[in-house]
Every structure is written in structure tokens, then in C-alpha cells.
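**Student:** Have a peek at input.cif (mmCIF, C-alpha atoms).
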```cif
data_work
loop_
_atom_site.label_atom_id
_atom_site.label_comp_id
_atom_site.auth_asym_id
_atom_site.auth_seq_id
_atom_site.Cartn_x
_atom_site.Cartn_y
_atom_site.Cartn_z
CA MET A 1022 23.44 41.75 40.43
CA ALA A 1023 20.98 44.63 40.26
CA GLU A 1024 22.43 48.12 40.39
CA ASP A 1025 21.44 50.15 43.41
CA LYS A 1026 19.48 53.13 42.04
CA THR A 1027 20.45 55.22 45.09
CA GLN A 1028 24.14 54.66 44.35
CA GLN A 1029 25.97 57.98 44.02
CA PHE A 1030 28.86 57.65 41.60
CA GLU A 1031 31.47 60.32 40.89
CA LEU A 1032 33.71 60.86 37.88
CA ALA A 1033 37.47 61.23 37.69
CA THR A 1034 39.22 62.09 34.41
CA LEU A 1035 42.95 61.34 34.29
CA GLY A 1036 45.67 61.25 31.66
CA GLY A 1037 48.83 59.32 32.38
CA GLY A 1038 50.23 58.51 28.96
CA CYS A 1039 48.66 55.95 26.66
CA PHE A 1040 45.05 55.36 27.67
CA TRP A 1041 45.44 51.62 27.14
CA CYS A 1042 47.85 51.61 30.09
CA THR A 1043 45.85 53.89 32.34
CA GLU A 1044 42.59 52.08 31.65
CA ALA A 1045 44.13 48.70 32.56
CA VAL A 1046 45.47 50.04 35.87
CA PHE A 1047 42.11 51.35 37.12
CA GLN A 1048 39.67 48.74 35.78
CA ASP A 1049 39.94 46.22 38.59
CA LEU A 1050 40.02 48.52 41.61
CA LYS A 1051 37.32 48.00 44.23
CA GLY A 1052 34.74 50.75 43.89
CA VAL A 1053 35.42 51.45 40.21
CA HIS A 1054 32.20 50.96 38.27
CA SER A 1055 33.57 51.67 34.78
CA VAL A 1056 36.57 53.08 32.91
CA VAL A 1057 36.20 54.67 29.48
CA SER A 1058 39.10 55.75 27.25
CA GLY A 1059 38.86 59.07 25.46
CA TYR A 1060 40.27 62.44 24.54
CA ALA A 1061 40.10 65.67 26.58
CA GLY A 1062 41.69 69.08 26.88
CA GLY A 1063 41.93 69.98 23.21
CA SER A 1064 40.38 72.34 20.72
CA ILE A 1065 38.81 69.96 18.19
CA LYS A 1066 35.30 68.56 18.68
CA ASN A 1067 34.84 64.80 18.28
CA PRO A 1068 38.47 64.05 17.39
CA ALA A 1069 39.55 60.72 15.98
CA TYR A 1070 42.58 58.72 17.12
CA ARG A 1071 44.47 59.52 13.90
CA GLU A 1072 44.04 63.25 14.67
CA ILE A 1073 45.14 62.87 18.29
CA CYS A 1074 48.30 61.07 17.18
CA THR A 1075 49.47 64.15 15.30
CA GLY A 1076 49.81 66.03 18.59
CA ARG A 1077 48.15 69.07 17.00
CA THR A 1078 44.67 68.81 18.55
CA GLY A 1079 45.67 69.73 22.09
CA HIS A 1080 43.85 66.67 23.42
CA ALA A 1081 45.37 64.22 25.86
CA GLU A 1082 44.60 60.53 25.89
CA VAL A 1083 42.57 60.14 29.09
CA ILE A 1084 40.38 57.76 30.97
CA GLN A 1085 37.15 58.63 32.71
CA ILE A 1086 36.52 56.61 35.85
CA LYS A 1087 33.03 56.21 37.28
CA PHE A 1088 33.59 55.31 40.92
CA ASP A 1089 31.81 54.85 44.22
CA PRO A 1090 33.36 57.32 46.69
CA ASN A 1091 32.05 55.19 49.57
CA VAL A 1092 34.41 52.40 48.45
CA ILE A 1093 37.35 54.28 46.90
CA SER A 1094 37.97 58.00 47.25
CA PHE A 1095 39.25 60.42 44.64
CA GLU A 1096 42.37 60.80 46.77
CA GLU A 1097 42.95 57.01 46.67
CA LEU A 1098 42.53 57.03 42.88
CA LEU A 1099 45.22 59.72 42.74
CA GLU A 1100 47.55 57.61 44.90
CA VAL A 1101 47.28 54.86 42.26
CA PHE A 1102 47.74 57.47 39.51
CA TRP A 1103 51.00 58.82 40.98
CA VAL A 1104 52.55 55.37 41.43
CA THR A 1105 51.60 53.78 38.10
CA HIS A 1106 52.94 56.39 35.66
CA ASP A 1107 55.83 58.85 35.67
CA PRO A 1108 54.33 62.27 36.43
CA THR A 1109 57.76 63.94 36.16
CA THR A 1110 58.21 63.61 32.40
CA LEU A 1111 56.67 66.38 30.33
CA ASN A 1112 54.57 65.07 27.43
CA ARG A 1113 56.08 61.60 27.60
CA GLN A 1114 55.53 58.18 29.09
CA GLY A 1115 58.27 55.76 28.10
CA HIS A 1116 58.56 55.70 24.31
CA ASP A 1117 55.19 57.46 23.89
CA ALA A 1118 56.00 61.14 23.31
CA GLY A 1119 53.84 64.15 22.51
CA THR A 1120 51.31 66.40 24.24
CA GLN A 1121 48.67 63.69 23.83
CA TYR A 1122 50.62 61.63 26.42
CA ARG A 1123 50.89 64.36 29.05
CA SER A 1124 50.18 63.73 32.70
CA VAL A 1125 46.96 65.54 33.55
CA ILE A 1126 44.14 65.60 36.08
CA PHE A 1127 40.91 67.14 34.79
CA TYR A 1128 38.95 68.04 37.92
CA HIS A 1129 35.14 67.92 37.90
CA THR A 1130 34.56 69.98 41.05
CA ASP A 1131 36.38 72.55 43.12
CA GLU A 1132 36.74 69.87 45.81
CA GLN A 1133 38.53 67.60 43.29
CA ARG A 1134 40.82 70.50 42.35
CA LYS A 1135 41.77 71.01 46.00
CA ILE A 1136 42.34 67.29 46.53
CA ALA A 1137 44.42 67.05 43.32
CA GLU A 1138 46.62 70.01 44.27
CA ALA A 1139 47.16 68.69 47.80
CA SER A 1140 47.85 65.17 46.54
CA LYS A 1141 50.35 66.46 43.96
CA ALA A 1142 52.17 68.54 46.59
CA LYS A 1143 52.20 65.65 49.07
CA THR A 1144 53.52 63.20 46.46
CA ASP A 1145 56.08 65.71 45.19
CA ALA A 1146 57.42 66.04 48.76
CA THR A 1147 58.09 62.29 48.99
CA ASP A 1148 60.93 60.34 47.41
CA LEU A 1149 58.55 58.47 45.07
CA TRP A 1150 60.00 60.32 42.05
CA PRO A 1151 63.49 61.88 41.89
CA ASN A 1152 62.33 64.83 39.76
CA PRO A 1153 59.53 67.39 40.28
CA ILE A 1154 56.00 66.41 39.23
CA VAL A 1155 54.86 68.26 36.10
CA THR A 1156 51.27 66.97 36.04
CA GLU A 1157 48.78 69.52 34.74
CA ILE A 1158 45.67 70.13 36.88
CA SER A 1159 42.91 71.64 34.72
CA PRO A 1160 39.14 72.04 34.82
CA TYR A 1161 37.14 69.33 33.08
CA GLU A 1162 35.18 70.53 30.08
CA VAL A 1163 34.38 67.57 27.87
CA MET A 1164 35.71 64.13 27.07
CA TYR A 1165 35.20 62.53 23.69
CA GLU A 1166 34.97 58.75 23.92
CA ALA A 1167 37.69 56.96 21.97
CA GLU A 1168 36.84 54.50 19.23
CA GLU A 1169 35.59 51.05 20.26
CA GLU A 1170 38.91 49.32 19.48
CA HIS A 1171 40.55 51.43 22.20
CA GLN A 1172 38.10 50.41 24.92
CA ASN A 1173 39.08 47.55 27.25
CA TYR A 1174 42.26 47.21 25.20
CA TYR A 1175 44.50 45.35 27.62
CA LYS A 1176 41.88 42.77 28.58
CA SER A 1177 41.14 42.15 24.90
CA ASN A 1178 44.77 42.17 23.68
CA SER A 1179 46.98 41.14 26.61
CA TYR A 1180 49.09 38.96 24.29
CA GLN A 1181 50.14 41.93 22.11
CA PRO A 1182 53.80 43.00 22.60
CA TYR A 1183 52.86 46.52 23.80
CA CYS A 1184 50.61 45.01 26.44
CA THR A 1185 53.21 42.47 27.51
CA PHE A 1186 56.14 44.88 27.76
CA VAL A 1187 54.49 48.18 28.73
CA ILE A 1188 51.14 47.51 30.42
CA SER A 1189 51.87 44.26 32.29
CA PRO A 1190 54.66 45.85 34.39
CA LYS A 1191 52.22 48.62 35.41
CA ILE A 1192 49.71 45.96 36.50
CA GLN A 1193 52.44 44.25 38.54
CA LYS A 1194 53.31 47.58 40.18
CA LEU A 1195 49.61 48.08 40.96
CA LYS A 1196 49.39 44.64 42.58
CA LYS A 1197 52.54 45.28 44.62
CA HIS A 1198 51.45 48.66 45.99
CA PHE A 1199 47.65 48.39 45.98
CA GLY A 1200 46.81 44.68 46.01
CA ASP A 1201 44.32 45.22 48.83
CA LYS A 1202 42.35 47.65 46.62
CA LEU A 1203 41.85 45.18 43.77
CA ALA A 1204 38.44 43.61 43.20
#
```
Go ahead and express the file in the form of C-alpha cells.

**Tutor:**
Amino acid sequence: MAEDKTQQFELATLGGGCFWCTEAVFQDLKGVHSVVSGYAGGSIKNPAYREICTGRTGHAEVIQIKFDPNVISFEELLEVFWVTHDPTTLNRQGHDAGTQYRSVIFYHTDEQRKIAEASKAKTDATDLWPNPIVTEISPYEVMYEAEEEHQNYYKSNSYQPYCTFVISPKIQKLKKHFGDKLA
């Protein structure tokens, strides 16, 4: 299928714990053109995974979503984001702990910032999570693409124990709540 050259894609950059998990959740949504795993929000240029794992770079594991806003809006992406990770735990998702696993939205435009703040407040006012949302909302500066072995991880390694026990339940939650948004 030829790509429509008039297509206007937007970017969303989100961190919700391990990027393997977040990537897998967003890959098959209608309107998502691509999902790339990477590192953002830190002080070191071109960091490597081994540096990120120390928790001393300031970077978060993130995904960058290229999406068609005519098919799926930024607000809808955030609805998926809030449901498929725990935004109430500071610097932790499950057993993954450290600032690199923080919940974060890096906004690309002032409009995205406004949408993110409103979406966070709206979600925080519901009974989705029993504790207050601690998700950081920060301006996007740069994302460094993660190494090749971290791209498309779940689809390439779904038999691995981490994928089976940590990522697969997130995919099931996605199907339960957003099955109509899956491609």
C-alpha cells in the first residue's frame, strides 16, 4: 500500500515504565503508523541502555508514536496510556524501579501540553486508580533511539518470561478496554 504523501502525522512521546511494555501496547492501535523505543528527558547525549539502567542519566525509557490524528487523537492515546500502566507509582512499574521507569508525557506542542494536563486531571478525578497520579508532564527536547534489540521487542520475543508475565497482561487489558481501537 502506497503511503499518502499528504498524510499529516503527529508525534507523541510517552514513558510508562519499561519501553518493551509501552511499545507493545501502542503498536497495533488504528491510526498508529510507527512506535520507536528510546530514551528522553536526561542529560547525556546518545546514551546506551547500560547507562540508562544505572538511573544516573536522568533519561526515561520512552516510546515515540507517529500517529494519524484523523484516526486516533492524542487524547485517545493518553486514555490508553492511563489504563495500561500505573501512573500513581513514582519511578516504578511493577518490579522495574528507578527514574528511568517514571511515568512521563513529553509534549511536542502547547496544545499537547494542555491536552495532557486536562487528561491527567480528568483521569485523576475518576476511580481508575486509588492513589493520585504522579505522571510528569514535560516539554519534549530530544529522544535518542534505543538499540535495535529493544525495538519491536514483544513481537520478536513474546515467548520470553518477561513478555509472558508482564507484557501479555497489559495487552489483554488493552483488548478489554480498547478492542475497538485495535487494527

**Student:** What gap, in Å, lies between CA of Tyr1180 in chain A and CA of Ala1069 in chain A?

**Tutor:**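 We find that CA of Tyr1180 in chain A and CA of Ala1069 in chain A lie 25.2 Å from each other.
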
**Student:** Just how far from CA of Leu1111 in chain A is CA of Ile1158 in chain A, in Å to one decimal?

**Tutor:** 13.3 Å

**Student:** As a check of understanding, name the residues that the PyMOL selection byres ((chain A and resi 1046) around 7) selects in the supplied structure, as a list in words.

**Tutor:**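 Applying the expression gives Cys1042, Thr1043, Glu1044, Ala1045, Phe1047, Gln1048, Lys1191, Ile1192 and Leu1195 of chain A.
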
**Student:** Any idea what the distance is between CA of Gly1063 in chain A and CA of Phe1095 in chain A?

**Tutor:** 23.6 Å

**Student:** Spell out the residues picked by the PyMOL selection byres ((chain A and resi 1137-1140) around 10) here, as a list in words.

**Tutor:**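 So the PyMOL selection byres ((chain A and resi 1137-1140) around 10) ends up selecting Phe1095, Glu1096, Glu1097, Leu1099, Glu1100, Trp1103, Ile1126, Phe1127, Tyr1128, Asp1131, Glu1132, Gln1133, Arg1134, Lys1135, Ile1136, Lys1141, Ala1142, Lys1143, Thr1144, Asp1145, Ala1146, Thr1156, Glu1157, Ile1158 and Ser1159 of chain A.
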
**Student:** Take the residues from that selection and put them in a file with C-alpha atoms, as a compact mmCIF listing (two decimals), in the frame of the given file.

**Tutor:**
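This went into out_1.txt:
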```txt
# COMPACT_ATOMS: atom_id res chain seq x y z
CA PHE A 1095 39.25 60.42 44.64
CA GLU A 1096 42.37 60.80 46.77
CA GLU A 1097 42.95 57.01 46.67
CA LEU A 1099 45.22 59.72 42.74
CA GLU A 1100 47.55 57.61 44.90
CA TRP A 1103 51.00 58.82 40.98
CA ILE A 1126 44.14 65.60 36.08
CA PHE A 1127 40.91 67.14 34.79
CA TYR A 1128 38.95 68.04 37.92
CA ASP A 1131 36.38 72.55 43.12
CA GLU A 1132 36.74 69.87 45.81
CA GLN A 1133 38.53 67.60 43.29
CA ARG A 1134 40.82 70.50 42.35
CA LYS A 1135 41.77 71.01 46.00
CA ILE A 1136 42.34 67.29 46.53
CA LYS A 1141 50.35 66.46 43.96
CA ALA A 1142 52.17 68.54 46.59
CA LYS A 1143 52.20 65.65 49.07
CA THR A 1144 53.52 63.20 46.46
CA ASP A 1145 56.08 65.71 45.19
CA ALA A 1146 57.42 66.04 48.76
CA THR A 1156 51.27 66.97 36.04
CA GLU A 1157 48.78 69.52 34.74
CA ILE A 1158 45.67 70.13 36.88
CA SER A 1159 42.91 71.64 34.72
```

**Student:** Is there a way to get, as a PyMOL selection string, all residues within 9 Å of the point (46.2, 61.5, 34.1) in file coordinates, counting only C-alpha atoms?

**Tutor:** chain A and resi 1034-1038+1040+1043+1081-1084+1099+1102-1103+1106+1108+1122-1127+1156-1157

**Student:** For the structure shown, which residues end up in the PyMOL selection byres ((chain A and resi 1179) around 12)? Put them as a list in words, please?

**Tutor:**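 Selected by the PyMOL selection byres ((chain A and resi 1179) around 12) here: Trp1041, Cys1042, Ala1045, Asn1173, Tyr1174, Tyr1175, Lys1176, Ser1177, Asn1178, Tyr1180, Gln1181, Pro1182, Tyr1183, Cys1184, Thr1185, Phe1186, Val1187, Ile1188, Ser1189, Pro1190 and Ile1192 of chain A.
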
**Student:** I need the residues from that last selection saved to file as a short mmCIF file (atom, residue, chain, number, x, y, z; two decimals), in the coordinates of the input (with C-alpha atoms), if you can.

**Tutor:**
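Once written, part.cif looks like this:
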```
data_model
loop_
_atom_site.label_atom_id
_atom_site.label_comp_id
_atom_site.auth_asym_id
_atom_site.auth_seq_id
_atom_site.Cartn_x
_atom_site.Cartn_y
_atom_site.Cartn_z
CA TRP A 1041 45.44 51.62 27.14
CA CYS A 1042 47.85 51.61 30.09
CA ALA A 1045 44.13 48.70 32.56
CA ASN A 1173 39.08 47.55 27.25
CA TYR A 1174 42.26 47.21 25.20
CA TYR A 1175 44.50 45.35 27.62
CA LYS A 1176 41.88 42.77 28.58
CA SER A 1177 41.14 42.15 24.90
CA ASN A 1178 44.77 42.17 23.68
CA TYR A 1180 49.09 38.96 24.29
CA GLN A 1181 50.14 41.93 22.11
CA PRO A 1182 53.80 43.00 22.60
CA TYR A 1183 52.86 46.52 23.80
CA CYS A 1184 50.61 45.01 26.44
CA THR A 1185 53.21 42.47 27.51
CA PHE A 1186 56.14 44.88 27.76
CA VAL A 1187 54.49 48.18 28.73
CA ILE A 1188 51.14 47.51 30.42
CA SER A 1189 51.87 44.26 32.29
CA PRO A 1190 54.66 45.85 34.39
CA ILE A 1192 49.71 45.96 36.50
#
```

**Student:** Would you mind telling me which residue in A:Gly1059, A:Gly1119, A:Pro1151, A:Pro1160 lies nearest to Ile1086 in chain A when using only C-alpha atoms?

**Tutor:**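 Nearest to Ile1086 in chain A: A:Gly1059.
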
**Student:** Here is a test: counting all atoms listed in the file, which residue of A:Pro1068, A:Gly1200, A:Gly1062, A:Gly1079 is nearest to Glu1166 in chain A?

**Tutor:**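 Ranked by minimum distance to Glu1166 in chain A, first place goes to A:Pro1068.
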
**Student:** Find the spatial neighbours of Asp1201 in chain A, counting all atoms listed in the file, within a cut-off of 12 Å - ignore same-chain residues fewer than 3 positions away - and output them as a list of chain:residue names.

**Tutor:**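 Here the qualifying residues turn out to be A:Asp1049, A:Leu1050, A:Lys1051, A:Ile1093, A:Leu1195, A:Lys1196, A:Lys1197, A:His1198, A:Ala1204.
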
**Student:** Which is closer to Gln1114 in chain A than all the others in A:Ala1061, A:Cys1039, A:Gly1052, A:Pro1153, using all atoms listed in the file?

**Tutor:**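 Of A:Ala1061, A:Cys1039, A:Gly1052, A:Pro1153, the one nearest Gln1114 in chain A is A:Cys1039, counting all atoms listed in the file.
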
**Student:** Counting only C-alpha atoms, which residue out of A:Glu1169, A:Glu1072, A:Glu1031, A:Asp1107 sits closest to Val1155 in chain A?

**Tutor:**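 Closest residue, counting only C-alpha atoms: A:Asp1107.
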
**Student:** Output, as AutoDock Vina command-line options, the centre and edge lengths in Å (one decimal) of the axis-aligned box that contains all listed atoms of range 1136-1140 of chain A with 8 Å of margin on each side.

**Tutor:**
```
--center_x 45.1 --center_y 67.6 --center_z 45.6 --size_x 21.5 --size_y 20.8 --size_z 20.5
```

**Student:** Which residue out of A:Gln1028, A:Ser1094, A:Thr1075, A:Thr1105 has the minimum interatomic distance to Phe1199 in chain A when only C-alpha atoms are used?

**Tutor:**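 Checking each of A:Gln1028, A:Ser1094, A:Thr1075, A:Thr1105 against Phe1199 in chain A, counting only C-alpha atoms, the winner is A:Thr1105.
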
**Student:** Rank A:Val1104, A:Ile1154, A:His1116, A:Gln1029 by their smallest atom-to-atom distance to His1054 in chain A, using only C-alpha atoms, and report the top residue only.

**Tutor:**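 Nearest to His1054 in chain A: A:Gln1029.
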